[in-house]
Each structure stands twice: as structure tokens, then as C-alpha cells.
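Reviewing the structure listed below.
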Amino acid sequence: MSAVADDEGRRARWTPGRAVLLAGSLLLAAVWVLPLAWALAISLKPEAEATRTPLRWIGSTVTLQAYRQVWETGDLVRWLFNTAYISVVTTLLTVVFCAMAAYGFARTDFRGRKLLYGVVLAGIMVPPQVLMAPLFAEMVQLGLVDTYWGVILPQVAVPAMVFILVRFFDGVPRELEEAAFVDGAGRWRVFWTIVMPLSRPVLAAVAIFTFISTWNNFLWPFLVTTDPNGMTLPVGLVNVQSSYGLRYAQMMASVVIAGLPLLVVFALFQRQIVRGVATTGLAGQ
Amino acid sequence: MTTSTAGPARPTGIRRRWTEHGLLFIAPFLLTYTLFLLWPLVSGVGMSLRSDNITGSGGEFVGLDNYAEAFGDPGVWSSMGNTVWFTVLSTVPLVLCGLVFALLAHHLRFVRWLWRLSWFAPFLLPSGVVGLLFLWVIFPSDFGFADQLLASFGLHPGIGWLTDERYAMLSVVAATVWWTVGFNFLLYLAALQSIPRYVYEAAELDGAGGRQRLWHITLPMLRRTTGVVLILQVLASLKIFDQVYIMTGGGPDDSTRPILQYVYQAGFTGYRIGYASAVSYLFFALIVIVSLVQLRLSRRGGEESS
């Protein structure tokens, strides 16, 4: 091959410099893929060979035995369900609550609106982690320890998301809504039938990032769940790692199963995620 | 409402539409925000002045005693130090690797999906998964992947990646860089894609070579992004907990224990939630100070460049 096409079909010439860059990139990409590839390789080995040295990528046979055993113990299925349920509900509530609040701040007027928005913006500075002690005490008092709502509710009101959405709504021309007002539509209808559909890209970005961070959250679910049946996937895995004993193939099978869902999400939503990072980059984490 | 009659003439028709129903839209958010952020923020201050146990009851008012104790507590200082040390060690490679990866992916202009997949995908893994992966198969001595890789080059190091005080923190940093560099990579990639092409074309006409374009166009235009990446990275690194808790448990000999783990231990395994709250607010103060300093620095930087 003498040339590769860039995204506008222009041809970039192969030079020694480019070849070196490509080789270096491939090496770096390999370094990044290796740990995951190794986890996959171990999960496909018979248990007895999982920790055999020296390094061998494929055992005497390729087997799904570790996956079958993980599946049959049932915990992983339970945690997958918990995590999916918690992530979906959290994402829905976050998107709806934050979008409504942002619309209220951007498009309506009432006494104390500016002050209230200031209070919300100040919340961006507060890392949820510093609240773990008082929040947990509150959960005990509310009786929400070991419940789905105990995991979900503290993750729902995200001031950074309101900030992102307010900036977006500020850029939407008011004329679009005024036409609907003339036709007699109320606030609520205008919000749901005009503003929300119009905001789909930014809402998708907010939703994807909320979903990823909820799915992967460790500290809060770890604190607020003690019953293994109610644990999320990351917490459950860490909690019972000792009960695997030294069954490395099973542990890596769990790791692969736990990692897979979001990799699929990424494959499906690559573009929105890449664009979303640009628009919601300020959200952090 | 009585207040409305005193104001100027009420807007009518469509204009009035803009001024109604506001609070109802904000109410659901405001309720959860107040209950689960503002209230714990306030009640935590109260707790930090008491000697409460884990449920937030049964203690008595002790004033600033918890804070005084925290200031004299070597555990607080060492875990605070570990946190800052981790932040220093992790931020530099995370920002630099993010930048380099983005430049490579942007300029190579082909198999972009491959670069995105390999450098970004680890970011999507739960910290629990990353922790277990590194704890059980990458970093164990002798049969771990890291040791075996070295062994295939003829070295037999038997390094205690996570159990030797000299290497434990570095190993945690390495795992963290591997895991989270994708986010910075994507931020830089998005920034690179937003630099207009004509800038480069103009430079090319003026005879600027690849290296000159990198130094005089690309890097200066990324300065604002670097500011954002740096702030986000430092704040994220200061909040380290998951990886350390899973991979080393804070050891060996507390050498990797971060401040959030100290809070966890004080409150949730030591049952002193009042003291844990006090330590939390010292940590919060550190975060606020770091944010303000960075804000000041980035403002000054912005003024100079404009």
C-alpha cells in the first residue's frame, strides 16, 4: 500500500516518519489491549492451567467451563439484574429531573430563581464522596439501607447536568415555543413535545454518561448494601472474591461478563459518546 | 399572592407564559438535591461536632474536638499525603498520554475505531473489575502477567507489585493510567477535531512542516483543553478510593491508603461517624483550595494568551 485515505478522501503519503508513528501507535494499542486479552485468555482455560507458568495464551483446551460455573452459582445473574435496574432507573430520573430543572431555570421566572440557581451551581463543587458519613446516617434513619432507592436517590440530582442543560436551553430560540403558546399549548406540553425532542443529542449525552457512571459506581453502593442479594455487579464481585478461593478462571470469566455490557454500549453509541465527551466534558469523572 | 399586586403592570398573554410554573419544573430536582446533597452537607457539619456512632445518634456535643484530634492524627496526615502523592504521580502521565494518544489517533487518520477501542474501552470497565483484574492476574508475583511478561524477556524478578512498599503506589498508578486515560484521550480528540482545517492549510502554504505545525498551531490551540483536562484530572485523582481499596486495601503498611479510605475506616469500621465527618470536611477543604488555586491559575493563563 502506498497511501491511506483520510476522512475526506485525501491521500496522505507514506513517509518513514508516518510508518514509525503507526508502528508506535500499534505497540501502544497492544499494551492497552493486553490486560483484557489476558483476562479473556485465562477465562477460557481449564481451571488447573489458569496460573501455570510460563506465559501461555491458550491452555491444553479452550473451554467455557469457567463461564458455566459462574453462571450456575447465580450470583452474577442477580447482580447483573440489580445493576441494570439501578442504572436504568437512575438514568431516567436523572435525565427527567435535571432537564425539568434546567428548563425551569432557563425559561421560567419566579422569585428567587437566580439565588436558587446559584445554590445549584455551588453544588458542582461538592464531591459526593465527602458526604458518605452523613448520607449513610441519613439512609439509616430513612430506612433505605439495602434498598434499591437507597442506591438510586443520592445519585439522581446532579448539578453539573443541570448546568450543561441550562446552557443548551439558553441557545434554543424562544420563537419555537411561542408558536405553540399561541396555539394554546401549556408549559408542560411545550416542554415535552417541543423542547425535549429538540434536545435529543444533549439528552443522549447526559443519559449515556449517567448510565456509565451509575453502572460503574463503587463507593456508594458498597456502603449502602450489605445483603449480597441486593449488591451491584462491581460490589458483589469484590465482596465475594475471597469465596472464589483460588479459582482464577472463574474470576476472570466474571470479569469478562461484568465488563462486556458497557463495551457493547460503547460499540453501539461510539459517536454519541465521543461527541458527548466534548459537550459534557465539564461533568468530570 | 400578595406580592404580585405591588409590582409593575403584570405581563399579559404570551409574555405571562414565560413567567409561570417555574418552581414546579424545579421541584423534583430541588427535593432530591436538598434531601441528598444539601441536607447531608449541613447535617455532616453538625455530626462533625458530636461523638456520634454509625447511625448518627447516641453521641454528645464535643465542639471542635474532632477537628483538633484530626489535626494531631498521624493517620490523617499520612493518608492525606498518600492522596496528594497519588494525584501528583497519576496526573502527569494521564494528561500526557491522553494528549499523545489523541495526536496519534488524529494524525494517523485510519483505523480510528482501533485507537478508540483500545485506549478508551478500559475507561468503561467498573473499578471493581479493574481492581480484580490487576489484583489477581496482572500483579501477582511469579505467575502474574507482569512478571511472566518480564520472564519472557529472560528476567525473573518476582516483584511484589502490590505488596512491596517501593512498588505498590506505582502499580496502583499504572493500573489507574491504563484504566482512565481514555477520558482525557477523548477530550483531546474532540478538541483536535474542532481545530479548523484551513488553519493548517494556510500554514502549509507558508511552508510550515509537520513539526512546526504541531508546535505553533496544534499545541497552542489545545491550551484551553489542557486546562480543563488538568482540573478534572486533579479533582478525580484526589478522590481515589476504589482501586486502592480493592488492590492493596491501603497497604502495605498503609503506604497507599488514601484519605477517603481513612474516612471509611473511621466511620464504617471504627463506628466513629462524627470523627469521620470531621476528616471529610478537612478533605473537602483541600479540594476547594485546589480548585480555587487552579481556577486562579487558569484565569491568569487565559488572560495571557488572549
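Chains: A, B, ... in order of the C-alpha cells. Residues: from 1 per chain. Ligands: from 1, in order shown.
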
Exercise answer, chain A residues close to chain B, 6 Å and only C-alpha atoms, as a PyMOL selection string: chain A and resi 6+29+32-33+51+53+55+97+100-101+104+108-109+130+133-135+137+154+157+216+234+255+259+278+284

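For the pair CA of Arg257 in chain B and CA of Gly236 in chain A, the separation is 22.0 Å.
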
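Put simply, CA of Met247 in chain B is 23.8 Å away from CA of Ala48 in chain A.
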
Alpha helix (DSSP H) residues, from DSSP on the backbone, in range 1-180 of chain A, as a PyMOL selection string: chain A and resi 16-43+65-73+75-107+113-122+132-142+148-152+159-170+175-180

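If you count only C-alpha atoms and ignore residues fewer than 3 places along the chain from Leu214 in chain B, what sits within 12 Å of it is Val100, Leu103, Leu104, His107, Leu192, Val199, Tyr200, Ala203, Glu204, Ala208, Gly209, Gly210, Arg211, Ile217, Thr218, Leu219, Pro220, Met221 and Leu222 of chain B.
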
Atoms to include: N, CA, C and O atoms. Write the selected residues as a PDB file, in the first residue's frame.
```pdb
ATOM      1  N   VAL B 100      -0.899  12.547  23.825  1.00  0.00           N
ATOM      2  CA  VAL B 100      -0.140  11.818  22.799  1.00  0.00           C
ATOM      3  C   VAL B 100      -1.054  10.861  22.027  1.00  0.00           C
ATOM      4  O   VAL B 100      -1.032  10.813  20.787  1.00  0.00           O
ATOM      5  N   LEU B 103      -3.218  12.820  19.630  1.00  0.00           N
ATOM      6  CA  LEU B 103      -2.456  13.291  18.471  1.00  0.00           C
ATOM      7  C   LEU B 103      -2.222  12.137  17.491  1.00  0.00           C
ATOM      8  O   LEU B 103      -2.392  12.295  16.277  1.00  0.00           O
ATOM      9  N   LEU B 104      -1.840  10.975  18.028  1.00  0.00           N
ATOM     10  CA  LEU B 104      -1.599   9.816  17.166  1.00  0.00           C
ATOM     11  C   LEU B 104      -2.878   9.429  16.420  1.00  0.00           C
ATOM     12  O   LEU B 104      -2.882   9.280  15.195  1.00  0.00           O
ATOM     13  N   HIS B 107      -3.819  12.111  13.773  1.00  0.00           N
ATOM     14  CA  HIS B 107      -2.972  12.300  12.600  1.00  0.00           C
ATOM     15  C   HIS B 107      -2.790  11.047  11.763  1.00  0.00           C
ATOM     16  O   HIS B 107      -2.496  11.134  10.582  1.00  0.00           O
ATOM     17  N   LEU B 192      -9.110  18.360  19.097  1.00  0.00           N
ATOM     18  CA  LEU B 192      -8.348  18.332  17.846  1.00  0.00           C
ATOM     19  C   LEU B 192      -9.282  18.410  16.639  1.00  0.00           C
ATOM     20  O   LEU B 192      -8.996  19.082  15.652  1.00  0.00           O
ATOM     21  N   VAL B 199      -6.690  26.465   8.977  1.00  0.00           N
ATOM     22  CA  VAL B 199      -5.525  26.969   9.706  1.00  0.00           C
ATOM     23  C   VAL B 199      -4.283  26.213   9.275  1.00  0.00           C
ATOM     24  O   VAL B 199      -3.226  26.793   9.008  1.00  0.00           O
ATOM     25  N   TYR B 200      -4.433  24.894   9.175  1.00  0.00           N
ATOM     26  CA  TYR B 200      -3.296  24.070   8.754  1.00  0.00           C
ATOM     27  C   TYR B 200      -2.940  24.324   7.306  1.00  0.00           C
ATOM     28  O   TYR B 200      -1.778  24.389   6.929  1.00  0.00           O
ATOM     29  N   ALA B 203      -0.983  27.383   6.949  1.00  0.00           N
ATOM     30  CA  ALA B 203       0.387  27.190   7.426  1.00  0.00           C
ATOM     31  C   ALA B 203       1.201  26.391   6.416  1.00  0.00           C
ATOM     32  O   ALA B 203       2.379  26.666   6.187  1.00  0.00           O
ATOM     33  N   GLU B 204       0.535  25.427   5.797  1.00  0.00           N
ATOM     34  CA  GLU B 204       1.222  24.585   4.826  1.00  0.00           C
ATOM     35  C   GLU B 204       1.678  25.425   3.631  1.00  0.00           C
ATOM     36  O   GLU B 204       2.781  25.270   3.127  1.00  0.00           O
ATOM     37  N   ALA B 208       5.166  25.664   6.400  1.00  0.00           N
ATOM     38  CA  ALA B 208       5.405  25.077   7.714  1.00  0.00           C
ATOM     39  C   ALA B 208       5.402  23.559   7.609  1.00  0.00           C
ATOM     40  O   ALA B 208       4.504  22.971   7.023  1.00  0.00           O
ATOM     41  N   GLY B 209       6.391  22.924   8.186  1.00  0.00           N
ATOM     42  CA  GLY B 209       6.460  21.469   8.166  1.00  0.00           C
ATOM     43  C   GLY B 209       5.597  20.877   9.259  1.00  0.00           C
ATOM     44  O   GLY B 209       4.991  21.599  10.056  1.00  0.00           O
ATOM     45  N   GLY B 210       5.544  19.542   9.287  1.00  0.00           N
ATOM     46  CA  GLY B 210       4.702  18.866  10.257  1.00  0.00           C
ATOM     47  C   GLY B 210       5.029  19.242  11.686  1.00  0.00           C
ATOM     48  O   GLY B 210       4.147  19.503  12.498  1.00  0.00           O
ATOM     49  N   ARG B 211       6.325  19.270  12.004  1.00  0.00           N
ATOM     50  CA  ARG B 211       6.729  19.557  13.367  1.00  0.00           C
ATOM     51  C   ARG B 211       6.372  20.997  13.747  1.00  0.00           C
ATOM     52  O   ARG B 211       5.900  21.266  14.849  1.00  0.00           O
ATOM     53  N   ILE B 217       0.833  25.533  15.995  1.00  0.00           N
ATOM     54  CA  ILE B 217      -0.622  25.621  15.824  1.00  0.00           C
ATOM     55  C   ILE B 217      -1.336  24.686  16.794  1.00  0.00           C
ATOM     56  O   ILE B 217      -2.088  25.116  17.655  1.00  0.00           O
ATOM     57  N   THR B 218      -1.067  23.372  16.648  1.00  0.00           N
ATOM     58  CA  THR B 218      -1.866  22.406  17.389  1.00  0.00           C
ATOM     59  C   THR B 218      -1.741  22.592  18.891  1.00  0.00           C
ATOM     60  O   THR B 218      -2.741  22.766  19.592  1.00  0.00           O
ATOM     61  N   LEU B 219      -0.531  22.566  19.419  1.00  0.00           N
ATOM     62  CA  LEU B 219      -0.364  22.631  20.863  1.00  0.00           C
ATOM     63  C   LEU B 219      -0.897  23.937  21.462  1.00  0.00           C
ATOM     64  O   LEU B 219      -1.618  23.900  22.459  1.00  0.00           O
ATOM     65  N   PRO B 220      -0.586  25.109  20.858  1.00  0.00           N
ATOM     66  CA  PRO B 220      -1.193  26.326  21.419  1.00  0.00           C
ATOM     67  C   PRO B 220      -2.721  26.287  21.409  1.00  0.00           C
ATOM     68  O   PRO B 220      -3.361  26.777  22.335  1.00  0.00           O
ATOM     69  N   MET B 221      -3.316  25.704  20.344  1.00  0.00           N
ATOM     70  CA  MET B 221      -4.773  25.681  20.284  1.00  0.00           C
ATOM     71  C   MET B 221      -5.383  24.703  21.279  1.00  0.00           C
ATOM     72  O   MET B 221      -6.587  24.730  21.522  1.00  0.00           O
ATOM     73  N   LEU B 222      -4.563  23.825  21.830  1.00  0.00           N
ATOM     74  CA  LEU B 222      -5.078  22.867  22.818  1.00  0.00           C
ATOM     75  C   LEU B 222      -4.926  23.382  24.245  1.00  0.00           C
ATOM     76  O   LEU B 222      -5.240  22.669  25.196  1.00  0.00           O
TER      77      LEU B 222
END
```

Residues within 7 Å of range 76-90 of chain B, only C-alpha atoms, excluding chain neighbours under 5 positions, as an NGL selection string: :B and (70 or 173 or 177 or 234 or 237-238 or 256-259 or 262)

Go ahead and save the residues from that selection, with C-alpha atoms, as a PDB file, in the first residue's frame.
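Saved as out-v7.pdb:
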```pdb
ATOM      1  CA  ALA B  70      -7.832  15.036  63.249  1.00  0.00           C
ATOM      2  CA  VAL B 173      -0.832   4.489  39.377  1.00  0.00           C
ATOM      3  CA  VAL B 177      -3.453   5.290  33.961  1.00  0.00           C
ATOM      4  CA  VAL B 234      -6.596  16.533  39.636  1.00  0.00           C
ATOM      5  CA  SER B 237      -7.299  11.763  41.338  1.00  0.00           C
ATOM      6  CA  LEU B 238      -7.830  13.361  44.739  1.00  0.00           C
ATOM      7  CA  THR B 256      -1.171   3.513  49.669  1.00  0.00           C
ATOM      8  CA  ARG B 257      -4.142   4.327  51.914  1.00  0.00           C
ATOM      9  CA  PRO B 258      -5.911   7.446  50.580  1.00  0.00           C
ATOM     10  CA  ILE B 259      -7.880   9.907  52.683  1.00  0.00           C
ATOM     11  CA  TYR B 262      -9.343   6.728  56.124  1.00  0.00           C
TER      12      TYR B 262
END
```

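In this comparison, which uses only C-alpha atoms, the residue of B:Thr248, B:Arg50, B:Leu205, B:Ser141 approaching Pro157 in chain B most closely is B:Ser141.
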
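Residue nearest Thr232 in chain A, chosen from A:Ile164, A:Gly24, A:Arg56, A:Val151 and counting only C-alpha atoms: A:Val151.
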
Selection near Leu144 in chain A, 12 Å with only C-alpha atoms, sequence-local residues under 2 positions removed, as a PyMOL selection string: chain A and resi 135-142+146-154+221+223-226
